[in-house]
file my_file00.txt (compact mmCIF, C-alpha atoms)
# COMPACT_ATOMS: atom_id res chain seq x y z
CA MET V 687 0.49 -36.17 -40.18
CA MET V 688 1.65 -32.56 -40.67
CA ASP V 689 -1.39 -31.33 -38.77
CA SER V 690 -0.62 -33.34 -35.66
CA VAL V 691 3.02 -32.22 -35.72
CA ILE V 692 1.93 -28.61 -35.73
CA LEU V 693 -0.57 -29.24 -32.95
CA VAL V 694 2.00 -30.98 -30.77
CA SER V 695 4.61 -28.30 -31.37
CA ASN V 696 2.00 -25.64 -30.60
CA LEU V 697 1.05 -27.31 -27.35
CA LEU V 698 4.68 -27.64 -26.35
CA LEU V 699 5.24 -23.97 -27.09
CA TRP V 700 2.27 -22.96 -24.94
CA ILE V 701 3.53 -25.02 -22.05
CA LEU V 702 6.92 -23.38 -22.44
CA VAL V 703 5.32 -19.92 -22.51
CA ILE V 704 3.41 -20.64 -19.30
CA ALA V 705 6.51 -22.04 -17.61
CA LEU V 706 8.49 -18.97 -18.65
CA GLY V 707 5.75 -16.66 -17.39
CA LEU V 708 5.77 -18.42 -14.03
CA THR V 709 9.56 -18.20 -13.87
CA VAL V 710 9.48 -14.45 -14.51
CA LEU V 711 6.81 -14.11 -11.82
CA ALA V 712 8.91 -16.04 -9.31
CA LEU V 713 11.95 -13.91 -10.16
CA ALA V 714 9.99 -10.66 -9.78
CA ARG V 715 8.67 -11.79 -6.40
CA GLN V 716 12.14 -12.70 -5.21
CA VAL V 717 13.40 -9.28 -6.26
CA GLY V 718 10.51 -7.67 -4.35
CA VAL V 719 11.29 -9.65 -1.20
CA LEU V 720 14.95 -8.74 -1.56
CA TYR V 721 14.15 -5.01 -1.74
CA GLU V 722 12.09 -5.35 1.40
CA ARG V 723 14.80 -7.25 3.30
CA ILE V 724 17.60 -4.82 2.57
CA ALA V 725 15.53 -1.76 3.47
CA PRO V 726 16.76 -0.32 6.79
CA ALA V 727 15.28 -2.19 9.72
CA GLY V 728 15.09 0.74 12.12
CA ALA V 729 13.51 4.16 12.12
CA LEU V 730 15.48 6.43 9.83
CA MET V 731 16.91 9.29 11.82
CA ILE V 732 17.08 12.67 10.23
CA ASN V 733 19.91 14.75 11.64
CA GLN V 734 17.97 17.91 12.23
CA GLY V 735 16.44 19.56 15.26
CA PRO V 736 17.39 18.75 18.86
CA GLU V 737 19.96 15.99 19.13
CA VAL V 738 19.67 12.72 20.98
CA GLY V 739 21.11 13.09 24.49
CA GLU V 740 20.11 16.77 24.71
CA VAL V 741 17.53 17.98 27.19
CA ALA V 742 14.36 18.47 25.15
CA PRO V 743 12.89 21.98 24.92
CA VAL V 744 9.84 22.50 27.15
CA PHE V 745 6.48 23.22 25.55
CA ASP V 746 3.36 24.08 27.48
CA LEU V 747 0.47 23.40 25.12
CA GLU V 748 -3.27 23.00 25.10
CA THR V 749 -4.73 19.75 23.75
CA LEU V 750 -7.68 19.60 21.33
CA ASP V 751 -10.06 18.93 24.26
CA GLY V 752 -8.77 21.94 26.18
CA LYS V 753 -6.43 20.31 28.74
CA ARG V 754 -2.89 21.57 29.44
CA VAL V 755 -0.03 19.30 28.58
CA THR V 756 3.69 19.82 29.08
CA ILE V 757 6.09 18.32 26.57
CA GLY V 758 9.68 18.17 27.75
CA GLY V 759 11.07 18.91 31.20
CA VAL V 760 10.85 16.40 34.07
CA PRO V 761 7.32 14.98 33.93
CA THR V 762 5.41 14.74 37.23
CA SER V 763 4.13 11.29 36.25
CA GLY V 764 7.70 9.95 36.19
CA LYS V 765 7.01 8.35 32.83
CA SER V 766 8.75 8.63 29.51
CA THR V 767 6.96 10.34 26.65
CA LEU V 768 6.50 9.23 23.07
CA LEU V 769 5.75 12.25 20.94
CA PHE V 770 4.13 11.07 17.71
CA PHE V 771 3.77 13.51 14.82
CA LEU V 772 0.97 12.64 12.41
CA SER V 773 -1.59 14.19 10.11
CA PRO V 774 -5.08 13.21 8.89
CA ASN V 775 -3.77 13.37 5.30
CA CYS V 776 -1.01 10.84 5.82
CA PRO V 777 -2.02 7.27 4.94
CA VAL V 778 1.04 5.70 6.57
CA CYS V 779 0.10 7.45 9.83
CA ASN V 780 -3.32 5.81 9.65
CA THR V 781 -1.78 2.36 9.43
CA LEU V 782 0.20 3.09 12.63
CA ILE V 783 -2.79 4.16 14.74
CA PRO V 784 -3.68 0.59 15.83
CA VAL V 785 0.01 0.05 16.65
CA LEU V 786 0.04 3.18 18.84
CA LYS V 787 -3.07 1.98 20.67
CA SER V 788 -1.55 -1.41 21.39
CA ILE V 789 1.75 0.15 22.52
CA SER V 790 -0.15 2.56 24.73
CA LYS V 791 -1.89 -0.37 26.48
CA ARG V 792 1.17 -2.58 26.72
CA GLU V 793 3.67 0.07 27.86
CA SER V 794 1.35 2.22 29.96
CA LYS V 795 3.48 1.62 33.09
CA TRP V 796 6.39 3.68 31.84
CA LEU V 797 5.19 5.46 28.73
CA ASP V 798 2.79 8.28 27.87
CA ILE V 799 1.91 8.88 24.23
CA ILE V 800 1.19 12.39 22.94
CA LEU V 801 0.00 12.97 19.39
CA ALA V 802 1.10 16.14 17.62
CA SER V 803 -0.04 17.71 14.41
CA ASP V 804 -0.92 21.11 13.03
CA GLY V 805 -3.54 22.63 10.79
CA ASP V 806 -7.28 23.23 10.91
CA PRO V 807 -8.62 22.23 14.40
CA ASP V 808 -12.07 21.15 13.09
CA HIS V 809 -10.48 18.88 10.52
CA GLN V 810 -8.28 17.43 13.28
CA ARG V 811 -11.20 16.94 15.67
CA ALA V 812 -13.11 15.03 13.00
CA PHE V 813 -10.00 12.88 12.53
CA VAL V 814 -9.81 12.17 16.28
CA VAL V 815 -13.45 11.07 16.33
CA ARG V 816 -13.11 8.98 13.16
CA LYS V 817 -10.07 7.11 14.43
CA THR V 818 -11.15 7.10 18.12
CA LEU V 819 -8.00 8.82 19.31
CA SER V 820 -9.57 10.55 22.32
CA GLU V 821 -7.50 8.43 24.75
CA PHE V 822 -4.37 10.34 23.64
CA PRO V 823 -3.55 14.00 24.36
CA TYR V 824 -3.62 15.62 20.91
CA VAL V 825 -1.82 18.91 20.41
CA LEU V 826 -1.73 21.25 17.45
CA SER V 827 1.45 23.26 17.29
CA THR V 828 3.40 24.49 14.32
CA GLU V 829 6.15 25.61 16.68
CA LEU V 830 6.61 22.09 18.04
CA GLY V 831 6.97 20.69 14.53
CA LEU V 832 9.43 23.44 13.60
CA THR V 833 11.52 22.85 16.73
CA TYR V 834 11.90 19.15 15.97
CA GLN V 835 12.34 19.96 12.25
CA ILE V 836 9.66 17.52 11.15
CA ALA V 837 9.89 17.24 7.37
CA LYS V 838 8.27 13.85 6.85
CA LEU V 839 5.49 12.00 8.61
CA PRO V 840 4.94 9.88 10.64
CA PHE V 841 7.76 11.02 12.92
CA ALA V 842 8.29 9.88 16.50
CA VAL V 843 10.38 11.38 19.32
CA LEU V 844 11.08 9.52 22.54
CA LEU V 845 11.77 11.55 25.71
CA ASP V 846 12.81 9.77 28.90
CA ASP V 847 11.61 10.41 32.47
CA LYS V 848 14.25 13.14 32.92
CA GLY V 849 13.09 15.03 29.85
CA VAL V 850 16.10 13.98 27.80
CA LEU V 851 15.62 13.19 24.13
CA ARG V 852 16.55 9.52 23.80
CA ALA V 853 15.55 8.50 20.28
CA LYS V 854 13.75 9.87 17.25
CA GLY V 855 13.08 9.00 13.66
CA LEU V 856 10.79 8.55 10.73
CA THR V 857 8.55 5.60 11.61
CA ASN V 858 6.84 3.90 8.71
CA ASN V 859 5.84 0.72 10.52
CA ARG V 860 5.64 -1.08 13.86
CA GLU V 861 9.25 -2.26 13.65
CA HIS V 862 10.50 1.30 13.16
CA LEU V 863 8.49 2.50 16.15
CA GLU V 864 9.75 -0.31 18.35
CA SER V 865 13.30 0.31 17.20
CA LEU V 866 13.06 3.63 19.09
CA PHE V 867 12.41 1.77 22.37
CA GLU V 868 15.23 -0.58 21.50
CA ALA V 869 17.53 2.38 20.84
CA MET V 870 16.61 3.91 24.20
CA GLU V 871 17.25 0.65 26.04
CA ARG V 872 20.63 0.19 24.39
CA GLY V 873 21.59 3.82 24.85
CA VAL V 874 22.10 4.53 21.17
CA ALA V 875 20.49 7.30 19.17
CA SER V 876 19.13 5.18 16.36
CA ILE V 877 19.42 1.75 14.81
CA GLN V 878 21.72 3.35 12.22
CA GLU V 879 24.09 4.46 14.96
CA PHE V 880 23.87 1.02 16.57
CA MET V 881 24.84 -0.64 13.29
CA ARG V 882 27.68 1.85 12.84
CA LYS V 883 28.99 1.15 16.34
CA ARG V 884 28.76 -2.56 15.82
CA ARG V 885 30.61 -2.28 12.53
CA GLN V 886 33.40 -0.29 14.26
CA GLU V 887 33.63 -2.92 16.99
CA VAL V 888 33.99 -5.66 14.42
CA ALA V 889 36.61 -3.74 12.44
CA MET Z 82 -17.14 -3.63 -33.32
CA PRO Z 83 -14.45 -5.37 -35.36
CA VAL Z 84 -14.76 -8.98 -36.52
CA VAL Z 85 -11.98 -11.26 -35.24
CA ASP Z 86 -11.30 -14.98 -34.98
CA PRO Z 87 -13.49 -16.57 -32.26
CA ILE Z 88 -10.53 -17.89 -30.28
CA VAL Z 89 -9.17 -14.37 -29.78
CA VAL Z 90 -12.54 -13.26 -28.42
CA LEU Z 91 -12.69 -16.36 -26.25
CA ILE Z 92 -9.24 -15.71 -24.76
CA ALA Z 93 -10.02 -12.05 -24.07
CA LYS Z 94 -13.34 -12.93 -22.39
CA TYR Z 95 -11.79 -15.61 -20.19
CA CYS Z 96 -8.93 -13.31 -19.20
CA VAL Z 97 -11.37 -10.61 -18.11
CA ALA Z 98 -13.47 -13.20 -16.24
CA LEU Z 99 -10.40 -14.52 -14.42
CA LEU Z 100 -9.21 -11.00 -13.61
CA PHE Z 101 -12.50 -10.01 -12.02
CA LEU Z 102 -13.11 -13.28 -10.18
CA VAL Z 103 -9.62 -13.20 -8.66
CA ALA Z 104 -10.24 -9.55 -7.72
CA VAL Z 105 -13.48 -10.50 -5.97
CA TYR Z 106 -11.78 -13.35 -4.14
CA SER Z 107 -8.92 -11.22 -2.83
CA LYS Z 108 -11.24 -8.37 -1.86
CA LEU Z 109 -13.50 -10.70 0.09
CA ARG Z 110 -10.51 -12.32 1.78
CA ALA Z 111 -9.28 -8.96 3.03
CA PHE Z 112 -12.49 -6.95 3.15
CA ALA Z 113 -11.38 -4.59 5.93
CA ALA Z 114 -8.19 -3.77 4.04
CA PHE Z 115 -10.16 -3.13 0.86
CA ARG Z 116 -12.51 -0.78 2.72
CA ALA Z 117 -9.54 1.08 4.19
CA THR Z 118 -7.97 1.35 0.73
CA LEU Z 119 -11.17 2.87 -0.64
CA ALA Z 120 -11.11 5.43 2.18
CA ASP Z 121 -7.43 6.17 1.44
CA TYR Z 122 -8.29 7.19 -2.10
CA GLU Z 123 -10.26 10.08 -0.52
CA LEU Z 124 -12.75 10.33 -3.38
CA LEU Z 125 -15.91 9.86 -1.35
CA PRO Z 126 -17.00 10.52 2.23
CA GLU Z 127 -15.71 7.80 4.52
CA ALA Z 128 -19.26 6.97 5.64
CA PHE Z 129 -19.95 5.56 2.20
CA SER Z 130 -16.90 3.32 1.97
CA THR Z 131 -18.65 0.20 3.26
CA VAL Z 132 -21.58 0.60 0.86
CA VAL Z 133 -19.27 1.33 -2.06
CA ALA Z 134 -16.96 -1.57 -1.11
CA VAL Z 135 -19.87 -4.02 -1.12
CA SER Z 136 -21.27 -2.72 -4.41
CA VAL Z 137 -17.85 -2.82 -6.11
CA ILE Z 138 -17.45 -6.46 -5.08
CA ALA Z 139 -21.00 -7.30 -6.26
CA LEU Z 140 -20.38 -5.58 -9.60
CA GLU Z 141 -17.07 -7.34 -10.13
CA LEU Z 142 -18.67 -10.69 -9.30
CA ALA Z 143 -21.50 -10.05 -11.76
CA ILE Z 144 -19.04 -9.08 -14.50
CA GLY Z 145 -16.76 -12.04 -13.78
CA ILE Z 146 -19.58 -14.57 -13.98
CA SER Z 147 -21.45 -13.09 -16.93
CA ALA Z 148 -18.21 -12.87 -18.92
CA LEU Z 149 -18.31 -16.68 -18.99
CA VAL Z 150 -21.90 -16.79 -20.30
CA ALA Z 151 -21.81 -16.30 -24.09
CA SER Z 152 -25.19 -14.56 -24.36
CA VAL Z 153 -24.39 -11.76 -21.88
CA ALA Z 154 -20.60 -11.60 -22.33
CA PRO Z 155 -20.61 -8.41 -24.47
CA MET Z 156 -22.53 -6.63 -21.70
CA ALA Z 157 -20.01 -7.91 -19.16
CA MET Z 158 -17.16 -6.59 -21.31
CA LEU Z 159 -18.82 -3.18 -21.45
CA GLY Z 160 -19.25 -3.20 -17.66
CA ALA Z 161 -15.61 -4.24 -17.24
CA MET Z 162 -14.47 -1.37 -19.47
CA VAL Z 163 -16.50 1.16 -17.47
CA LEU Z 164 -15.21 -0.14 -14.14
CA LEU Z 165 -11.59 -0.22 -15.33
CA VAL Z 166 -11.85 3.35 -16.63
CA ILE Z 167 -13.25 4.45 -13.24
CA TYR Z 168 -10.32 2.77 -11.45
CA ALA Z 169 -7.83 4.40 -13.82
CA ALA Z 170 -9.48 7.78 -13.18
CA ALA Z 171 -9.34 7.25 -9.41
CA ILE Z 172 -5.64 6.40 -9.62
CA GLY Z 173 -4.96 9.29 -12.01
CA LEU Z 174 -6.75 11.76 -9.75
CA ASN Z 175 -4.73 10.74 -6.70
CA LEU Z 176 -1.52 10.88 -8.72
CA ARG Z 177 -2.40 14.45 -9.69
CA ARG Z 178 -2.98 15.25 -6.04
CA GLY Z 179 0.54 13.98 -5.44
CA ARG Z 180 -0.61 11.10 -3.26
CA ARG Z 181 1.67 8.33 -4.46
CA ASP Z 182 2.14 6.71 -1.10
CA ILE Z 183 -1.26 5.05 -0.81
CA ASP Z 184 -1.81 1.40 -1.49
CA CYS Z 185 -3.30 0.77 -4.92
CA GLY Z 186 -5.29 -2.21 -3.69
CA CYS Z 187 -5.31 -3.62 -7.18
CA SER Z 188 -3.25 -6.75 -6.99
CA ALA Z 189 -3.94 -10.11 -5.45
CA LEU Z 190 -0.31 -11.15 -5.14
CA ALA Z 191 1.80 -8.05 -4.53
CA ARG Z 192 1.19 -7.19 -0.90
CA ARG Z 193 1.64 -3.47 -1.14
CA GLN Z 194 1.56 -1.69 -4.43
CA LEU Z 195 1.93 2.07 -4.45
CA LEU Z 196 0.30 4.27 -7.06
CA SER Z 197 2.18 5.10 -10.23
CA GLY Z 198 1.51 6.13 -13.80
CA TRP Z 199 2.17 2.53 -14.87
CA LEU Z 200 -1.04 1.47 -13.21
CA VAL Z 201 -3.04 3.84 -15.40
CA LEU Z 202 -1.31 2.38 -18.46
CA ARG Z 203 -2.06 -1.11 -17.18
CA ASN Z 204 -5.76 -0.30 -16.84
CA VAL Z 205 -5.88 1.20 -20.33
CA SER Z 206 -4.42 -2.07 -21.69
CA LEU Z 207 -7.05 -4.02 -19.77
CA VAL Z 208 -9.78 -1.83 -21.27
CA ALA Z 209 -8.39 -2.72 -24.71
CA LEU Z 210 -8.52 -6.39 -23.74
CA ALA Z 211 -12.18 -6.11 -22.71
CA TRP Z 212 -12.86 -4.32 -25.98
CA VAL Z 213 -11.45 -7.29 -27.91
CA GLY Z 214 -13.66 -9.52 -25.74
CA ALA Z 215 -16.70 -7.57 -26.94
CA ALA Z 216 -15.73 -7.96 -30.62
CA ILE Z 217 -17.89 -10.00 -33.00
CA PRO Z 218 -16.34 -13.42 -33.63
CA SER Z 219 -15.93 -14.48 -37.26
CA ALA Z 220 -17.99 -17.39 -38.60
CA ARG Z 221 -15.25 -20.02 -38.11
CA VAL Z 222 -16.60 -23.08 -36.25
CA ILE Z 223 -14.97 -23.60 -32.83
CA HIS Z 224 -13.58 -27.06 -32.02
CA ALA Z 225 -12.73 -28.61 -28.69
CA VAL Z 226 -9.06 -27.87 -29.34
CA ASP Z 227 -9.88 -24.15 -29.42
CA PHE Z 228 -11.02 -24.31 -25.80
CA GLY Z 229 -7.85 -26.14 -24.83
CA LEU Z 230 -5.69 -23.54 -26.53
CA ALA Z 231 -7.72 -20.71 -24.98
CA ALA Z 232 -7.20 -22.22 -21.51
CA LEU Z 233 -3.44 -22.44 -22.10
CA ALA Z 234 -3.32 -18.86 -23.39
CA VAL Z 235 -5.24 -17.61 -20.33
CA MET Z 236 -2.78 -19.39 -18.03
CA GLY Z 237 0.19 -17.87 -19.83
CA ALA Z 238 -1.40 -14.42 -19.75
CA ALA Z 239 -2.20 -14.75 -16.03
CA ALA Z 240 1.42 -15.62 -15.21
CA LEU Z 241 2.76 -12.73 -17.27
CA TYR Z 242 0.20 -10.30 -15.84
CA SER Z 243 1.10 -11.22 -12.25
CA ALA Z 244 4.78 -10.85 -13.07
CA ILE Z 245 4.24 -7.37 -14.54
CA ASN Z 246 2.17 -6.40 -11.49
CA GLN Z 247 4.90 -7.58 -9.17
CA LEU Z 248 7.52 -5.59 -11.08
CA MET Z 249 5.33 -2.47 -10.78
CA ALA Z 250 5.07 -3.06 -7.04
CA ASN Z 251 8.85 -3.46 -6.83
CA ALA Z 252 9.71 -0.19 -8.57
CA PRO Z 253 8.86 2.23 -5.70
CA ARG Z 254 10.76 0.01 -3.24
CA LEU Z 255 13.87 0.35 -5.37
CA ASP Z 256 13.32 4.11 -5.61
CA ALA Z 257 13.05 4.30 -1.81
CA LEU Z 258 16.34 2.44 -1.45
CA ASP Z 259 18.00 4.71 -4.00
CA SER Z 260 16.92 7.88 -2.22
CA LEU Z 261 18.17 6.41 1.04
CA MET Z 262 21.60 5.82 -0.48
CA ASP Z 263 21.65 9.42 -1.71
CA ALA Z 264 20.77 10.70 1.76
CA ARG Z 265 23.81 9.04 3.33
call {"tool": "encode", "arguments": {"input": "my_file00.txt", "output": "structure tokens"}}
result
Amino acid sequence: MMDSVILVSNLLLWILVIALGLTVLALARQVGVLYERIAPAGALMINQGPEVGEVAPVFDLETLDGKRVTIGGVPTSGKSTLLFFLSPNCPVCNTLIPVLKSISKRESKWLDIILASDGDPDHQRAFVVRKTLSEFPYVLSTELGLTYQIAKLPFAVLLDDKGVLRAKGLTNNREHLESLFEAMERGVASIQEFMRKRRQEVA
Amino acid sequence: MPVVDPIVVLIAKYCVALLFLVAVYSKLRAFAAFRATLADYELLPEAFSTVVAVSVIALELAIGISALVASVAPMAMLGAMVLLVIYAAAIGLNLRRGRRDIDCGCSALARRQLLSGWLVLRNVSLVALAWVGAAIPSARVIHAVDFGLAALAVMGAAALYSAINQLMANAPRLDALDSLMDAR
């Protein structure tokens, strides 16, 4: 009699423990989703370097494969330019490479993409081969990074067809990158500014 | 090896088996992602990542299955301990290099889990678990009810383990939000 009572109570306790464990798991997952949802939706702009709306400084640089490329100024192609700062040692940059390739195909009518980095050219060339980046002009320039005050990677700068800086920001994912195009279309500097404007309109 | 009650050994063995079989399943389901994660760790030349990825999966499968077979289970536990120590070392090495922003690739449920010292601690605890699984069971005769209890204990442990993993994946997200608030 006593034995079966203990067995039943033990079984009940185990079931309770499992149910509790599952509840904690569900809670932890909800918290995780919540953190993700309230993270800023757009590229985070860092208020350093040339400002949005300014005419971008002109750089005449040589790409890794020896071609000349001009960044800034009025481009002869009449296209806008997405300047994407990356580095072989930045894992988040790697996850964005397929995104850049698809954007490059989809938006080729109005957009040129230029990749920018700095450091050892051989290391960079190996990176270009490994990730098949040869379709993009790839420049190495410390000066370019200093001018735009790049502190964190991956960082993107969008210049329009008049050579005016239209949007920029830290881009950790596809949504951040696309928020730059959105910002340019809406004529705001960043999603943060857009939200601020909207809040002021509501108030 | 210490002598412990057979049910404790049973639970530890089944937990390790479940851990490795789930790991194999999730790695096979997202093989490309697993390969990319291996490359992100930057411990071996990228040319080897496919070979290493396949061998890691094969090893984990072998350990997961043999952990369920009583005669070879102690060997499986030893293999599990070695593998877990290697993972902990790989994580520790990248932490020392300051590369916290790569995906750990060590959880089936949490989509993106960044590296942290907690993961090393987690692996050390798992090594201890495998060590218990390799212990010599005492002479007590096992009944059917022991298996039932072991199954329940494994389920409870699995739920708790996933919850702890999820909390570890959450922590860097909260830190990121905090630093964002400071920046404003």
call {"tool": "residues_around", "arguments": {"input": "my_file00.txt", "residues": "segment 232-234 of chain Z", "least_positions_apart": "4", "cutoff": "7 Å", "atoms": "all atoms listed in the file", "output": "VMD selection string"}}
result
(chain V and resid 700) or (chain Z and resid 92 228 238)
call {"tool": "residues_around", "arguments": {"input": "my_file00.txt", "residues": "Gly735 of chain V", "least_positions_apart": "3", "cutoff": "10 Å", "atoms": "only C-alpha atoms", "output": "list in words"}}
result
Ile732, Val738, Gly831, Leu832, Thr833, Tyr834, Gln835 and Ile836 of chain V
call {"tool": "residues_around", "arguments": {"input": "my_file00.txt", "residues": "segment 121-132 of chain Z", "least_positions_apart": "6", "cutoff": "9 Å", "atoms": "all atoms listed in the file", "output": "number ranges by chain"}}
result
V: 775, 777; Z: 171-172, 174-175, 180, 183-185
call {"tool": "closest_atom_pairs", "arguments": {"input": "my_file00.txt", "of": "segment 153-198 of chain Z", "to": "segment 205-218 of chain Z", "cutoff": "9 Å", "atoms": "all atoms listed in the file", "output": "JSON lines"}}
result
{"residue": "Z:Ala154", "atom": "CA", "partner": "Z:Ala215", "partner_atom": "CA", "distance": 7.3}
{"residue": "Z:Pro155", "atom": "CA", "partner": "Z:Ala215", "partner_atom": "CA", "distance": 4.7}
{"residue": "Z:Met156", "atom": "CA", "partner": "Z:Ala215", "partner_atom": "CA", "distance": 7.9}
{"residue": "Z:Ala157", "atom": "CA", "partner": "Z:Ala215", "partner_atom": "CA", "distance": 8.5}
{"residue": "Z:Met158", "atom": "CA", "partner": "Z:Ala211", "partner_atom": "CA", "distance": 5.2}
{"residue": "Z:Leu159", "atom": "CA", "partner": "Z:Ala215", "partner_atom": "CA", "distance": 7.3}
{"residue": "Z:Ala161", "atom": "CA", "partner": "Z:Ala211", "partner_atom": "CA", "distance": 6.7}
{"residue": "Z:Met162", "atom": "CA", "partner": "Z:Val208", "partner_atom": "CA", "distance": 5.0}
{"residue": "Z:Val163", "atom": "CA", "partner": "Z:Val208", "partner_atom": "CA", "distance": 8.3}
{"residue": "Z:Leu165", "atom": "CA", "partner": "Z:Val208", "partner_atom": "CA", "distance": 6.4}
{"residue": "Z:Val166", "atom": "CA", "partner": "Z:Val208", "partner_atom": "CA", "distance": 7.3}
{"residue": "Z:Ala169", "atom": "CA", "partner": "Z:Val205", "partner_atom": "CA", "distance": 7.5}
call {"tool": "closest_residue", "arguments": {"input": "my_file00.txt", "among": "V:Ser790, V:Asp847, V:Ala837, V:Gly739", "to": "Ala869 of chain V", "atoms": "all atoms listed in the file"}}
result
V:Gly739
call {"tool": "closest_atom_pairs", "arguments": {"input": "my_file00.txt", "of": "chain Z", "to": "chain V", "cutoff": "10 Å", "atoms": "all atoms listed in the file", "output": "tab-separated table"}}
result
residue	atom	partner	partner_atom	distance
Z:Ala117	CA	V:Thr781	CA	9.5
Z:Thr118	CA	V:Pro777	CA	9.4
Z:Ala120	CA	V:Pro777	CA	9.7
Z:Asp121	CA	V:Pro777	CA	6.5
Z:Tyr122	CA	V:Pro777	CA	9.4
Z:Glu123	CA	V:Asn775	CA	9.3
Z:Glu127	CA	V:Arg816	CA	9.1
Z:Ala128	CA	V:Arg816	CA	9.9
Z:Arg180	CA	V:Cys776	CA	9.1
Z:Asp182	CA	V:Pro777	CA	7.4
Z:Ile183	CA	V:Pro777	CA	6.2
Z:Asp184	CA	V:Pro777	CA	8.7
Z:Leu190	CA	V:Arg715	CA	9.1
Z:Ala191	CA	V:Arg715	CA	8.0
Z:Arg192	CA	V:Gly718	CA	9.9
Z:Val226	CA	V:Leu693	CA	9.3
Z:Gly229	CA	V:Leu697	CA	9.3
Z:Leu230	CA	V:Leu697	CA	7.8
Z:Leu233	CA	V:Trp700	CA	6.4
Z:Ala234	CA	V:Trp700	CA	7.1
Z:Val235	CA	V:Ile704	CA	9.2
Z:Met236	CA	V:Ile704	CA	6.4
Z:Gly237	CA	V:Ile704	CA	4.3
Z:Ala238	CA	V:Gly707	CA	7.9
Z:Ala239	CA	V:Gly707	CA	8.3
Z:Ala240	CA	V:Gly707	CA	5.0
Z:Leu241	CA	V:Gly707	CA	4.9
Z:Tyr242	CA	V:Gly707	CA	8.6
Z:Ser243	CA	V:Leu711	CA	6.4
Z:Ala244	CA	V:Leu711	CA	4.0
Z:Ile245	CA	V:Leu711	CA	7.7
Z:Asn246	CA	V:Leu711	CA	9.0
Z:Gln247	CA	V:Ala714	CA	6.0
Z:Leu248	CA	V:Ala714	CA	5.8
Z:Met249	CA	V:Ala714	CA	9.5
Z:Ala250	CA	V:Gly718	CA	7.6
Z:Asn251	CA	V:Gly718	CA	5.2
Z:Ala252	CA	V:Gly718	CA	8.6
Z:Pro253	CA	V:Tyr721	CA	9.8
Z:Arg254	CA	V:Tyr721	CA	6.2
Z:Leu255	CA	V:Tyr721	CA	6.5
Z:Asp256	CA	V:Tyr721	CA	9.9
Z:Ala257	CA	V:Ala725	CA	8.4
Z:Leu258	CA	V:Ala725	CA	6.5
Z:Leu261	CA	V:Ala725	CA	8.9
Z:Ala264	CA	V:Ile732	CA	9.4
call {"tool": "closest_residue", "arguments": {"input": "my_file00.txt", "among": "V:Val785, V:Gly873, V:Ile692, V:Gln810", "to": "Glu861 of chain V", "atoms": "only C-alpha atoms"}}
result
V:Val785
call {"tool": "residues_around", "arguments": {"input": "my_file00.txt", "residues": "Leu863 of chain V", "least_positions_apart": "3", "cutoff": "9 Å", "atoms": "all atoms listed in the file", "output": "list in words"}}
result
Gly728, Ala729, Val785, Leu786, Ala842, Gly855, Leu856, Thr857, Asn858, Asn859, Arg860, Leu866 and Phe867 of chain V
call {"tool": "atom_distance", "arguments": {"input": "my_file00.txt", "atom1": "atom CA of Thr767 of chain V", "atom2": "atom CA of Pro743 of chain V"}}
result
13.2 Å
call {"tool": "atom_distance", "arguments": {"input": "my_file00.txt", "atom1": "atom CA of Lys848 of chain V", "atom2": "atom CA of His862 of chain V"}}
result
23.3 Å
